[in-house]
Amino acid sequence: MRAKQITVCPSCEVKTIQQGVQQATDFDTILVKKGVYKEFNILIDKPLLLLGENYPQIDGEDQGEIITITSDDVVVDGLFLVNVGTSYTRDHAAIRVIQSERFVIRNVVLERLFFGIYLEKARNGKVINNKIVGDAVEEFNSGNGIQLWYCKDIEVRGNIVERVRDGIYLEFSDRIEIRDNFSSNNVRYGLHFMFSNDDVYSNNTFKNNGAGVAVMFSKRIKMLDNTFAKNWGPTSYGLLLKEINDAEIRGNVFEENSTGIALEGSNRINYDANHFLNNGWAVKVRGACYSNKFTNNNFMYNSFDVSYDGNLNDNLFERNYWSDYTGYDLDDNGLGDVPYRPVKLFSYIVNRSPETIVLLRSLFMDIIDFSEKVSPVFTPDNLLDRQPLMQQVK
Amino acid sequence: MMLKILKYSFFDLMRSRWSYIYFLFYLALGFVLLFLNNDVSKAVITLMNVIIILVPLIGTIFGVMYYYNSKEFTELLLAQPVKRSSIFLGQYLGVSVSLGLCLVLGLGIPFALYGLFKSDAIWDFSLLLVTGAFLTFIFTALSFNIALSNENKIKGFGYAVLLWLFLAIIYDGLFLLSLIVFGDYPLDVFSLGATVFNPIDLSRTLILLKLDISALLGYTGAVFKTFFGTGLGLLVSLGMLILWTLLPIWRMVHKSKRKDF
Amino acid sequence: MIQINELHKKFGKNEVLGGVDLEIPQGGISAVLGPNGSGKTTLIKCILGMVIPNSGSIEACGQPTKKDWKYRQQINYLPQIANFPSNLKVAELISMIQDLRQKPSDADRLIALFELKPFLDKKLGALSGGTKQKVNIVLAFMFDSPLLMLDEPTTGLDPAALIQLKKLIRSEKEKGKTILITSHIMSFVEEVADEIVYLLEGNIHFKGSLEDLKSITLGTSLEEAITRLTTKEQLHDA
């Protein structure tokens with residue numbers, strides 16, 4: 001059986017996409033020519049390739065969902081979807097995939113949306129090179145750009161997500177690969193994990209979001225070579241880790257965030273070869289965190305390198321480069337001979353009385369920080385990098 | 001007429017050993033920071049510390065010293081047909097302009113040679129120099145005030161050093177203490193106010209706006225947010241620095257008109 | 001030339017001038033005499049505007065001196081202790097003052113007169129007291145002003161220079177200038193002064209010509225007359 005192609009255009013025989021889908025048989029191609037199609041609730045219940053030519057516009061006119069996919073093997077490519085209806089009772093999405101496998105959603109542009117691409121109990125699919133531009137201002141009446149709920153083995157790659165609630169949101173979704181995405185100006189998080197395990201995200205950029213990435217109640221997440229930048233605000237982090245175990249955080253750049261990484265109740269995490277540049281706080285440790293290892297990281301020009309409330313709890317800082325380090329290396333082995341104390345007394349004071357932040361870099365603070373360095377009273381005695389690097393990690 | 005006196009004071013100072021030392025110190029500092037360290041960001045941070053602390057100290061000491069040392073010159077001028085305000089403004093500007101030039105050229109030359117004009121740090125650096133220049137003008141004016149009010153040289157020196165010590169260190173200590181003691185009250189307006197009333201803190205804030213904006217925005221508080229998050233902080237700080245320069249100059253002129261020589 | 005009314009000046013609690021009324025007519029040489037601390041220098045500094053009086057008025061060259069400075073263009077002043085910026089050279093100082101006053105000066109003639117040529121390139125700090133005083137005199141006489149005020153002009157001068165100074169003062173007087181001098185050297189005053197103003201504890205105790213002073217006190221010399229004036233006062237007080 002040979003698949004046939006159905007062409008849809010305003011002046012064609014088939015004038016709506018819905019009509020095209022109805023006429024199609026399995027594995028047909030529906031070619032949508034350039035034009036404006038005012039349609040919503042398009043149900044794709046058979047394996048199809050829905051291909052747009054020069055980005056035809058499908059205008060949902062705020063009526064509800066635009067495309068719903070319930071079949072396996074569906075490919076959506078090259079469409080421009082606008083005006084998804086905002087609802088306080090139902091999560092309308094531009095494209096929803098329900099319990100399907102082997103789907104591909106690519107080169108789709110979404111604007112004026114509520115939820116963007118919503119994957120529900122889907123598997124083995126791909127979401128590639130889409131562009132999602134929302135107009136969210138508040139959390140409560142906005143949706144997420146790409147949402148995965150109870151999904152497995154999905155690839156999310158090369159997408160641009162802006163101005164939605166969470167750029168990419170994962171809930172109960174395992175073995176997801178998130179790569180080369182650019183998530184910025186989102187109201188809440190650039191990327192958000194809840195109860196999801198064994199996921200990897202790499203080479204993404206998270207910029208100027210409410211907070212860059214929040215990883216919560218999840219296990220074995222790999223975070224590699226991402227950039228977290230300019231996430232500014234009192235509750236803003238480059239990366240927030242909450243109740244996370246056994247994660248790996250390597251090769252990331254945290255630049256100009258109010259807080260680079262905030263961790264709470266997170267254990268057995270390796271932080272290796274990350275760059276913390278010009279953050280307010282590079283690392284903020286709150287609550288009980290055990291066995292976190294920081295090695296080979298660059299800590300440069302952060303207002304505060306590390307802040308702690310509580311004990312060291314066998315967390316380890318070793319062989320990192322600290323731009324504030326003033327020690328020497330007499331035996332010339334590349335490691336400073338004097339340990340570095342990454343926690344300043346001032347960071348304790350700021351935790352207690354936040355307004356004191358205006359005294360940052362004052363001579364008085366430097367003096368009391370220095371005296372604390374010489375004989376620690378308030379900061380944990382054993383919180384130190386015994387082998388600080390003399391040269392930056394490349 | 002004021003310009004003539006400025007000119008004489010300026011050339012007089014430019015020939016003095018201390019100006020050379022001051023100039024060479026900055027020149028050396030600039031070269032060491034840039035060419036031995038090769039890290040512009042670190043250089044800017046170190047420079048900030050130097051500028052915040054050293055510039056006010058040198059401004060105060062130099063100002064007092066110059067005033068007392070040029071007493072004869074002043075008396076000579078007073079008998080000439082010259083307005084009093086011209087004499088003192090001229091001398092004041094002579095001192096502060098030459099100190100300011102030492103700073104700007106001393107640091108500017110190594111940075112220019114390093115190729116800073118093409119780097120992103122140019123704004124941070126220019127801001128540093130601008131605040132440094134402001135601090136020079138402010139503290140020289142303050143020191144002239146002290147010297148005008150104290151005939152006794154030793155006393156004048158003492159007060160000048162005390163003033164520096166107070167504004168550079170003690171003020172911040174008291175400030176911190178009050179923030180901790182009154183920690184239960186909303187303090188963001190107070191803390192911004194207290195910053196504004198000390199020119200050293202004010203300059204520091206101006207530089208913080210560039211270097212540590214990420215940390216400053218980590219504080220919860222609407223007042224802080226508007227102050228640091230918008231152009232307001234920069235505008236207010238610059239405006240206050242100008243006020244801090246003008247007020248002591250005004251008082252200096254006022255005081256000089258009533259003084260007997 | 002100078003008109004002073006009810007001039008009061010206190011330094012702290014110490015009253016230096018207690019209501020001085022004084023008129024100095026145009027032309028001629030007046031000498032202000034009095035013991036140390038009697039307020040001579042303060043009086044002169046008040047006229048110059050260097051000391052601000054507590055009350056009273058001063059007119060110099062027909063202009064009130066209060067809150068003004070332009071009248072000083074009419075005044076040449078020789079300060080008592082020649083304190084000069086020590087790292088300046090003599091020539092620089094002279095040209096600086098010329099630059100400030102923007103008036104024709106005959107500095108060269110005076111430099112020759114006081115044989116200062118070899119010192120022009122020396123720093124002021126390196127000069128002896130007498131040489132400094134010569135520089136001081138050059139500065140005070142080099143401009144053509146109607147009023148000259150000389151505070152202890154003879155300090156540190158050698159006899160030759162003293163003769164030159166006296167000549168200079170006389171020639172200025174002949175030009176019709178008003179000259180006000182303070183001095184301790186009675187012989188000097190006797191030689192040059194037309195009018196004597198005697199100041200004691202901030203008040204004028206005598207004003208008149210030399211002859212008047214001598215006839216009142218029956219003293220044969222000025223020195224004697226002054227001594228008698230002082231003792232008479234004391235007798236009077238007792």
# chains A, B, ... in the order shown; residues from 1 in each chain; ligands from 1

$ residues_around --residues "Glu61 of chain A" --least-positions-apart "6" --cutoff "9 Å" --atoms "only C-alpha atoms" --output "PDB file with N, CA, C and O atoms, in the first residue's frame"
ATOM      1  N   LYS A  38      -8.580  28.856  10.466  1.00  0.00           N
ATOM      2  CA  LYS A  38      -9.162  29.081  11.782  1.00  0.00           C
ATOM      3  C   LYS A  38      -9.790  27.787  12.254  1.00  0.00           C
ATOM      4  O   LYS A  38     -10.941  27.496  11.954  1.00  0.00           O
ATOM      5  N   GLU A  39      -9.023  26.996  12.986  1.00  0.00           N
ATOM      6  CA  GLU A  39      -9.505  25.680  13.402  1.00  0.00           C
ATOM      7  C   GLU A  39      -9.055  25.400  14.816  1.00  0.00           C
ATOM      8  O   GLU A  39      -8.035  25.912  15.275  1.00  0.00           O
ATOM      9  N   PHE A  40      -9.803  24.561  15.495  1.00  0.00           N
ATOM     10  CA  PHE A  40      -9.347  24.080  16.797  1.00  0.00           C
ATOM     11  C   PHE A  40      -9.854  22.668  17.019  1.00  0.00           C
ATOM     12  O   PHE A  40     -10.652  22.149  16.219  1.00  0.00           O
ATOM     13  N   VAL A  82      -1.323  29.701  16.658  1.00  0.00           N
ATOM     14  CA  VAL A  82      -1.547  30.840  17.552  1.00  0.00           C
ATOM     15  C   VAL A  82      -2.901  30.765  18.256  1.00  0.00           C
ATOM     16  O   VAL A  82      -3.793  30.036  17.832  1.00  0.00           O
ATOM     17  N   ASN A  83      -3.030  31.533  19.307  1.00  0.00           N
ATOM     18  CA  ASN A  83      -4.274  31.713  20.043  1.00  0.00           C
ATOM     19  C   ASN A  83      -4.876  30.440  20.627  1.00  0.00           C
ATOM     20  O   ASN A  83      -5.918  29.969  20.205  1.00  0.00           O
ATOM     21  N   VAL A  84      -4.166  29.902  21.594  1.00  0.00           N
ATOM     22  CA  VAL A  84      -4.722  28.777  22.357  1.00  0.00           C
ATOM     23  C   VAL A  84      -5.552  29.397  23.485  1.00  0.00           C
ATOM     24  O   VAL A  84      -5.115  30.358  24.126  1.00  0.00           O
ATOM     25  N   GLY A  85      -6.728  28.907  23.712  1.00  0.00           N
ATOM     26  CA  GLY A  85      -7.591  29.515  24.729  1.00  0.00           C
ATOM     27  C   GLY A  85      -7.059  29.304  26.129  1.00  0.00           C
ATOM     28  O   GLY A  85      -6.645  28.217  26.507  1.00  0.00           O
TER      29      GLY A  85
END

$ interface_residues --of "chain C" --to "chain B" --cutoff "6 Å" --atoms "only C-alpha atoms" --output "list of chain:residue names"
C:Met50, C:Val51, C:Ile52, C:Trp69, C:Lys70, C:Arg72, C:Gln73, C:Asn83, C:Phe84, C:Pro85

$ write_last_selection --atoms "all heavy atoms" --output "PDB file, in the first residue's frame"
ATOM      1  N   MET C  50      42.317  91.277  56.202  1.00  0.00           N
ATOM      2  CA  MET C  50      42.773  89.938  56.578  1.00  0.00           C
ATOM      3  C   MET C  50      42.142  89.504  57.889  1.00  0.00           C
ATOM      4  O   MET C  50      41.936  88.333  58.137  1.00  0.00           O
ATOM      5  CB  MET C  50      44.286  89.911  56.699  1.00  0.00           C
ATOM      6  CG  MET C  50      44.978  90.018  55.352  1.00  0.00           C
ATOM      7  SD  MET C  50      46.740  90.216  55.515  1.00  0.00           S
ATOM      8  CE  MET C  50      47.240  88.555  55.901  1.00  0.00           C
ATOM      9  N   VAL C  51      41.883  90.470  58.732  1.00  0.00           N
ATOM     10  CA  VAL C  51      41.172  90.199  59.983  1.00  0.00           C
ATOM     11  C   VAL C  51      39.796  90.855  59.858  1.00  0.00           C
ATOM     12  O   VAL C  51      39.685  92.001  59.430  1.00  0.00           O
ATOM     13  CB  VAL C  51      41.953  90.772  61.183  1.00  0.00           C
ATOM     14  CG1 VAL C  51      41.106  90.740  62.446  1.00  0.00           C
ATOM     15  CG2 VAL C  51      43.245  89.993  61.382  1.00  0.00           C
ATOM     16  N   ILE C  52      38.783  90.090  60.198  1.00  0.00           N
ATOM     17  CA  ILE C  52      37.420  90.606  60.070  1.00  0.00           C
ATOM     18  C   ILE C  52      37.012  91.227  61.407  1.00  0.00           C
ATOM     19  O   ILE C  52      36.958  90.527  62.413  1.00  0.00           O
ATOM     20  CB  ILE C  52      36.441  89.466  59.731  1.00  0.00           C
ATOM     21  CG1 ILE C  52      37.021  88.529  58.671  1.00  0.00           C
ATOM     22  CG2 ILE C  52      35.075  90.012  59.327  1.00  0.00           C
ATOM     23  CD1 ILE C  52      36.982  89.021  57.263  1.00  0.00           C
ATOM     24  N   TRP C  69      37.020  93.583  48.006  1.00  0.00           N
ATOM     25  CA  TRP C  69      38.442  93.284  47.881  1.00  0.00           C
ATOM     26  C   TRP C  69      39.117  94.196  46.868  1.00  0.00           C
ATOM     27  O   TRP C  69      40.316  94.328  46.848  1.00  0.00           O
ATOM     28  CB  TRP C  69      38.626  91.828  47.485  1.00  0.00           C
ATOM     29  CG  TRP C  69      37.860  91.447  46.247  1.00  0.00           C
ATOM     30  CD1 TRP C  69      36.581  91.017  46.200  1.00  0.00           C
ATOM     31  CD2 TRP C  69      38.318  91.502  44.900  1.00  0.00           C
ATOM     32  NE1 TRP C  69      36.203  90.792  44.918  1.00  0.00           N
ATOM     33  CE2 TRP C  69      37.251  91.071  44.080  1.00  0.00           C
ATOM     34  CE3 TRP C  69      39.529  91.864  44.297  1.00  0.00           C
ATOM     35  CZ2 TRP C  69      37.350  91.007  42.701  1.00  0.00           C
ATOM     36  CZ3 TRP C  69      39.624  91.785  42.915  1.00  0.00           C
ATOM     37  CH2 TRP C  69      38.535  91.360  42.129  1.00  0.00           C
ATOM     38  N   LYS C  70      38.315  94.873  46.068  1.00  0.00           N
ATOM     39  CA  LYS C  70      38.914  95.632  44.964  1.00  0.00           C
ATOM     40  C   LYS C  70      39.742  96.816  45.479  1.00  0.00           C
ATOM     41  O   LYS C  70      40.708  97.230  44.858  1.00  0.00           O
ATOM     42  CB  LYS C  70      37.818  96.128  44.026  1.00  0.00           C
ATOM     43  CG  LYS C  70      37.156  94.993  43.269  1.00  0.00           C
ATOM     44  CD  LYS C  70      36.375  95.516  42.082  1.00  0.00           C
ATOM     45  CE  LYS C  70      35.637  94.411  41.384  1.00  0.00           C
ATOM     46  NZ  LYS C  70      34.493  93.888  42.193  1.00  0.00           N
ATOM     47  N   ARG C  72      41.839  96.842  47.599  1.00  0.00           N
ATOM     48  CA  ARG C  72      43.224  96.435  47.859  1.00  0.00           C
ATOM     49  C   ARG C  72      44.137  96.710  46.666  1.00  0.00           C
ATOM     50  O   ARG C  72      45.351  96.691  46.791  1.00  0.00           O
ATOM     51  CB  ARG C  72      43.280  94.957  48.241  1.00  0.00           C
ATOM     52  CG  ARG C  72      42.803  94.691  49.657  1.00  0.00           C
ATOM     53  CD  ARG C  72      43.350  93.403  50.238  1.00  0.00           C
ATOM     54  NE  ARG C  72      42.719  92.224  49.673  1.00  0.00           N
ATOM     55  CZ  ARG C  72      41.599  91.677  50.141  1.00  0.00           C
ATOM     56  NH1 ARG C  72      40.974  92.225  51.159  1.00  0.00           N
ATOM     57  NH2 ARG C  72      41.100  90.610  49.573  1.00  0.00           N
ATOM     58  N   GLN C  73      43.519  96.980  45.517  1.00  0.00           N
ATOM     59  CA  GLN C  73      44.340  97.397  44.379  1.00  0.00           C
ATOM     60  C   GLN C  73      45.063  98.704  44.649  1.00  0.00           C
ATOM     61  O   GLN C  73      46.071  99.018  44.039  1.00  0.00           O
ATOM     62  CB  GLN C  73      43.451  97.538  43.139  1.00  0.00           C
ATOM     63  CG  GLN C  73      43.210  96.213  42.452  1.00  0.00           C
ATOM     64  CD  GLN C  73      42.020  96.254  41.515  1.00  0.00           C
ATOM     65  OE1 GLN C  73      41.255  97.218  41.523  1.00  0.00           O
ATOM     66  NE2 GLN C  73      41.870  95.216  40.735  1.00  0.00           N
ATOM     67  N   ASN C  83      56.757  85.690  55.444  1.00  0.00           N
ATOM     68  CA  ASN C  83      56.566  84.263  55.245  1.00  0.00           C
ATOM     69  C   ASN C  83      56.222  84.014  53.786  1.00  0.00           C
ATOM     70  O   ASN C  83      55.156  84.370  53.322  1.00  0.00           O
ATOM     71  CB  ASN C  83      55.398  83.758  56.092  1.00  0.00           C
ATOM     72  CG  ASN C  83      55.833  83.441  57.499  1.00  0.00           C
ATOM     73  OD1 ASN C  83      56.985  83.079  57.713  1.00  0.00           O
ATOM     74  ND2 ASN C  83      54.924  83.580  58.438  1.00  0.00           N
ATOM     75  N   PHE C  84      57.137  83.409  53.103  1.00  0.00           N
ATOM     76  CA  PHE C  84      56.863  83.138  51.690  1.00  0.00           C
ATOM     77  C   PHE C  84      56.818  81.642  51.456  1.00  0.00           C
ATOM     78  O   PHE C  84      57.430  80.877  52.198  1.00  0.00           O
ATOM     79  CB  PHE C  84      57.968  83.747  50.823  1.00  0.00           C
ATOM     80  CG  PHE C  84      58.020  85.240  50.893  1.00  0.00           C
ATOM     81  CD1 PHE C  84      59.187  85.891  51.267  1.00  0.00           C
ATOM     82  CD2 PHE C  84      56.894  85.994  50.584  1.00  0.00           C
ATOM     83  CE1 PHE C  84      59.237  87.271  51.330  1.00  0.00           C
ATOM     84  CE2 PHE C  84      56.939  87.370  50.641  1.00  0.00           C
ATOM     85  CZ  PHE C  84      58.111  88.013  51.019  1.00  0.00           C
ATOM     86  N   PRO C  85      56.089  81.237  50.384  1.00  0.00           N
ATOM     87  CA  PRO C  85      56.126  79.811  50.027  1.00  0.00           C
ATOM     88  C   PRO C  85      57.577  79.419  49.785  1.00  0.00           C
ATOM     89  O   PRO C  85      58.245  80.001  48.934  1.00  0.00           O
ATOM     90  CB  PRO C  85      55.328  79.746  48.729  1.00  0.00           C
ATOM     91  CG  PRO C  85      54.528  80.994  48.684  1.00  0.00           C
ATOM     92  CD  PRO C  85      55.246  82.024  49.485  1.00  0.00           C
TER      93      PRO C  85
END

$ residues_around --residues "segment 7-13 of chain A" --least-positions-apart "5" --cutoff "8 Å" --atoms "only C-alpha atoms" --output "compact mmCIF listing (two decimals) with N, CA, C and O atoms, in the first residue's frame"
# COMPACT_ATOMS: atom_id res chain seq x y z
N GLY A 20 -8.84 17.31 5.84
CA GLY A 20 -7.72 16.53 5.34
C GLY A 20 -7.49 15.30 6.18
O GLY A 20 -7.31 14.20 5.65
N ILE A 30 -0.24 14.98 4.91
CA ILE A 30 -1.14 16.10 4.65
C ILE A 30 -0.26 17.33 4.50
O ILE A 30 0.42 17.77 5.45
N LEU A 31 -0.22 17.91 3.31
CA LEU A 31 0.61 19.08 3.06
C LEU A 31 -0.26 20.33 3.19
O LEU A 31 -1.21 20.53 2.45
N VAL A 32 0.10 21.16 4.18
CA VAL A 32 -0.70 22.36 4.43
C VAL A 32 0.04 23.54 3.81
O VAL A 32 1.17 23.85 4.19
N LYS A 33 -0.59 24.17 2.82
CA LYS A 33 0.05 25.30 2.13
C LYS A 33 -0.09 26.57 2.96
O LYS A 33 -0.92 26.65 3.87
N LYS A 34 0.67 27.58 2.60
CA LYS A 34 0.64 28.82 3.37
C LYS A 34 -0.76 29.43 3.36
O LYS A 34 -1.47 29.41 2.36
N GLY A 35 -1.19 29.94 4.48
CA GLY A 35 -2.53 30.51 4.59
C GLY A 35 -2.94 30.55 6.04
O GLY A 35 -2.16 30.17 6.92
N VAL A 36 -4.12 31.08 6.32
CA VAL A 36 -4.60 31.13 7.69
C VAL A 36 -5.77 30.16 7.83
O VAL A 36 -6.73 30.21 7.04
N TYR A 37 -5.68 29.28 8.80
CA TYR A 37 -6.73 28.28 9.01
C TYR A 37 -7.30 28.49 10.40
O TYR A 37 -6.59 28.35 11.39

$ closest_residue --among "B:Ile45, B:Leu148, B:Met2, B:Ala215" --to "chain A" --atoms "only C-alpha atoms"
B:Ala215

$ residues_around --residues "Val215 of chain A" --least-positions-apart "5" --cutoff "6 Å" --atoms "only C-alpha atoms" --output "VMD selection string"
chain A and resid 192 to 193 241

$ select_by_dssp --residues "segment 38-163 of chain A" --states "strand (DSSP E)" --output "ChimeraX atom specification"
/A:42-44,48-52,57-59,67-69,75-77,80-82,93-98,104-106,109-111,115-120,126-128,131-133,146-149,155-157,160-162

$ interface_residues --of "chain B" --to "chain A" --cutoff "10 Å" --atoms "only C-alpha atoms" --output "ChimeraX atom specification"
/B:41-42,45,48-49,52-53,168-184,186-192,194-195,200-202,204-205,207-208,211-221,224-225,229

$ residues_around --residues "Leu116 of chain C" --least-positions-apart "3" --cutoff "12 Å" --atoms "only C-alpha atoms" --output "PDB file with N, CA and C atoms, in the first residue's frame"
ATOM      1  N   VAL C  90      62.716  83.375  44.003  1.00  0.00           N
ATOM      2  CA  VAL C  90      62.451  84.802  44.171  1.00  0.00           C
ATOM      3  C   VAL C  90      61.819  85.377  42.904  1.00  0.00           C
ATOM      4  N   ALA C  91      62.429  85.064  41.762  1.00  0.00           N
ATOM      5  CA  ALA C  91      61.923  85.607  40.499  1.00  0.00           C
ATOM      6  C   ALA C  91      60.482  85.147  40.251  1.00  0.00           C
ATOM      7  N   ILE C  94      58.061  87.109  42.421  1.00  0.00           N
ATOM      8  CA  ILE C  94      57.841  88.471  41.937  1.00  0.00           C
ATOM      9  C   ILE C  94      56.940  88.454  40.705  1.00  0.00           C
ATOM     10  N   ALA C 107      59.929  96.600  39.420  1.00  0.00           N
ATOM     11  CA  ALA C 107      60.655  95.607  40.209  1.00  0.00           C
ATOM     12  C   ALA C 107      62.149  95.656  39.892  1.00  0.00           C
ATOM     13  N   ASP C 108      62.465  95.821  38.649  1.00  0.00           N
ATOM     14  CA  ASP C 108      63.875  95.755  38.250  1.00  0.00           C
ATOM     15  C   ASP C 108      64.727  96.815  38.964  1.00  0.00           C
ATOM     16  N   ARG C 109      64.151  98.026  39.031  1.00  0.00           N
ATOM     17  CA  ARG C 109      64.884  99.104  39.700  1.00  0.00           C
ATOM     18  C   ARG C 109      65.130  98.746  41.177  1.00  0.00           C
ATOM     19  N   LEU C 110      64.076  98.198  41.805  1.00  0.00           N
ATOM     20  CA  LEU C 110      64.182  97.860  43.227  1.00  0.00           C
ATOM     21  C   LEU C 110      65.133  96.695  43.452  1.00  0.00           C
ATOM     22  N   ILE C 111      65.103  95.735  42.529  1.00  0.00           N
ATOM     23  CA  ILE C 111      66.017  94.600  42.662  1.00  0.00           C
ATOM     24  C   ILE C 111      67.464  95.093  42.603  1.00  0.00           C
ATOM     25  N   ALA C 112      67.699  96.029  41.692  1.00  0.00           N
ATOM     26  CA  ALA C 112      69.043  96.587  41.584  1.00  0.00           C
ATOM     27  C   ALA C 112      69.398  97.360  42.853  1.00  0.00           C
ATOM     28  N   LEU C 113      68.412  98.133  43.340  1.00  0.00           N
ATOM     29  CA  LEU C 113      68.620  98.962  44.505  1.00  0.00           C
ATOM     30  C   LEU C 113      69.037  98.131  45.717  1.00  0.00           C
ATOM     31  N   PHE C 119      70.181  86.625  43.874  1.00  0.00           N
ATOM     32  CA  PHE C 119      69.270  85.730  44.610  1.00  0.00           C
ATOM     33  C   PHE C 119      68.040  85.325  43.802  1.00  0.00           C
ATOM     34  N   LEU C 120      67.896  85.909  42.602  1.00  0.00           N
ATOM     35  CA  LEU C 120      66.639  85.704  41.870  1.00  0.00           C
ATOM     36  C   LEU C 120      66.328  84.233  41.615  1.00  0.00           C
ATOM     37  N   ASP C 121      67.388  83.443  41.410  1.00  0.00           N
ATOM     38  CA  ASP C 121      67.145  82.031  41.106  1.00  0.00           C
ATOM     39  C   ASP C 121      67.168  81.145  42.335  1.00  0.00           C
ATOM     40  N   LYS C 122      67.254  81.778  43.512  1.00  0.00           N
ATOM     41  CA  LYS C 122      67.275  80.970  44.743  1.00  0.00           C
ATOM     42  C   LYS C 122      65.864  80.767  45.253  1.00  0.00           C
ATOM     43  N   LEU C 127      66.763  81.663  51.734  1.00  0.00           N
ATOM     44  CA  LEU C 127      67.266  83.015  51.955  1.00  0.00           C
ATOM     45  C   LEU C 127      67.420  83.332  53.440  1.00  0.00           C
ATOM     46  N   GLY C 130      67.336  88.767  56.424  1.00  0.00           N
ATOM     47  CA  GLY C 130      67.487  90.095  55.853  1.00  0.00           C
ATOM     48  C   GLY C 130      67.159  90.113  54.369  1.00  0.00           C
ATOM     49  N   THR C 131      67.639  89.120  53.651  1.00  0.00           N
ATOM     50  CA  THR C 131      67.364  89.054  52.221  1.00  0.00           C
ATOM     51  C   THR C 131      65.869  88.887  51.971  1.00  0.00           C
ATOM     52  N   LYS C 132      65.262  88.059  52.797  1.00  0.00           N
ATOM     53  CA  LYS C 132      63.804  87.880  52.677  1.00  0.00           C
ATOM     54  C   LYS C 132      63.095  89.219  52.833  1.00  0.00           C
ATOM     55  N   GLN C 133      63.570  89.979  53.807  1.00  0.00           N
ATOM     56  CA  GLN C 133      62.939  91.266  54.054  1.00  0.00           C
ATOM     57  C   GLN C 133      63.128  92.194  52.855  1.00  0.00           C
ATOM     58  N   LYS C 134      64.286  92.081  52.189  1.00  0.00           N
ATOM     59  CA  LYS C 134      64.508  92.893  50.998  1.00  0.00           C
ATOM     60  C   LYS C 134      63.512  92.506  49.898  1.00  0.00           C
ATOM     61  N   VAL C 135      63.320  91.204  49.728  1.00  0.00           N
ATOM     62  CA  VAL C 135      62.334  90.736  48.753  1.00  0.00           C
ATOM     63  C   VAL C 135      60.963  91.294  49.121  1.00  0.00           C
ATOM     64  N   ASN C 136      60.695  91.241  50.418  1.00  0.00           N
ATOM     65  CA  ASN C 136      59.434  91.756  50.952  1.00  0.00           C
ATOM     66  C   ASN C 136      59.252  93.219  50.557  1.00  0.00           C
ATOM     67  N   ILE C 137      60.325  93.984  50.701  1.00  0.00           N
ATOM     68  CA  ILE C 137      60.268  95.420  50.373  1.00  0.00           C
ATOM     69  C   ILE C 137      60.045  95.620  48.873  1.00  0.00           C
ATOM     70  N   VAL C 138      60.736  94.807  48.071  1.00  0.00           N
ATOM     71  CA  VAL C 138      60.550  94.909  46.627  1.00  0.00           C
ATOM     72  C   VAL C 138      59.080  94.697  46.280  1.00  0.00           C
ATOM     73  N   ALA C 161      70.918  98.848  53.553  1.00  0.00           N
ATOM     74  CA  ALA C 161      69.559  98.629  53.078  1.00  0.00           C
ATOM     75  C   ALA C 161      68.589  99.570  53.782  1.00  0.00           C
TER      76      ALA C 161
END

$ residues_around --residues "Ile6 of chain A" --least-positions-apart "4" --cutoff "12 Å" --atoms "only C-alpha atoms" --output "ChimeraX atom specification"
/A:12-25,27-33,48-52

$ select_by_dssp --residues "segment 67-197 of chain B" --states "helix (DSSP H, G or I)" --output "PyMOL selection string"
chain B and resi 67-69+71-78+84-114+116-118+122-149+153-181+188-196

$ residues_around --residues "Ser30 of chain C" --least-positions-apart "6" --cutoff "12 Å" --atoms "only C-alpha atoms" --output "JSON, numbers by chain"
{"C": [1, 2, 22, 23, 24, 147, 148, 149, 150, 151, 169, 173, 177, 178, 179, 180, 181, 182, 183, 189, 190, 191, 192, 193, 194, 195, 196, 197, 198, 207, 208, 209, 210]}

$ atom_distance --atom1 "atom CA of Cys289 of chain A" --atom2 "atom CA of Val200 of chain A"
22.0 Å

$ atom_distance --atom1 "atom CA of Asn141 of chain A" --atom2 "atom CA of Ser173 of chain A"
23.9 Å
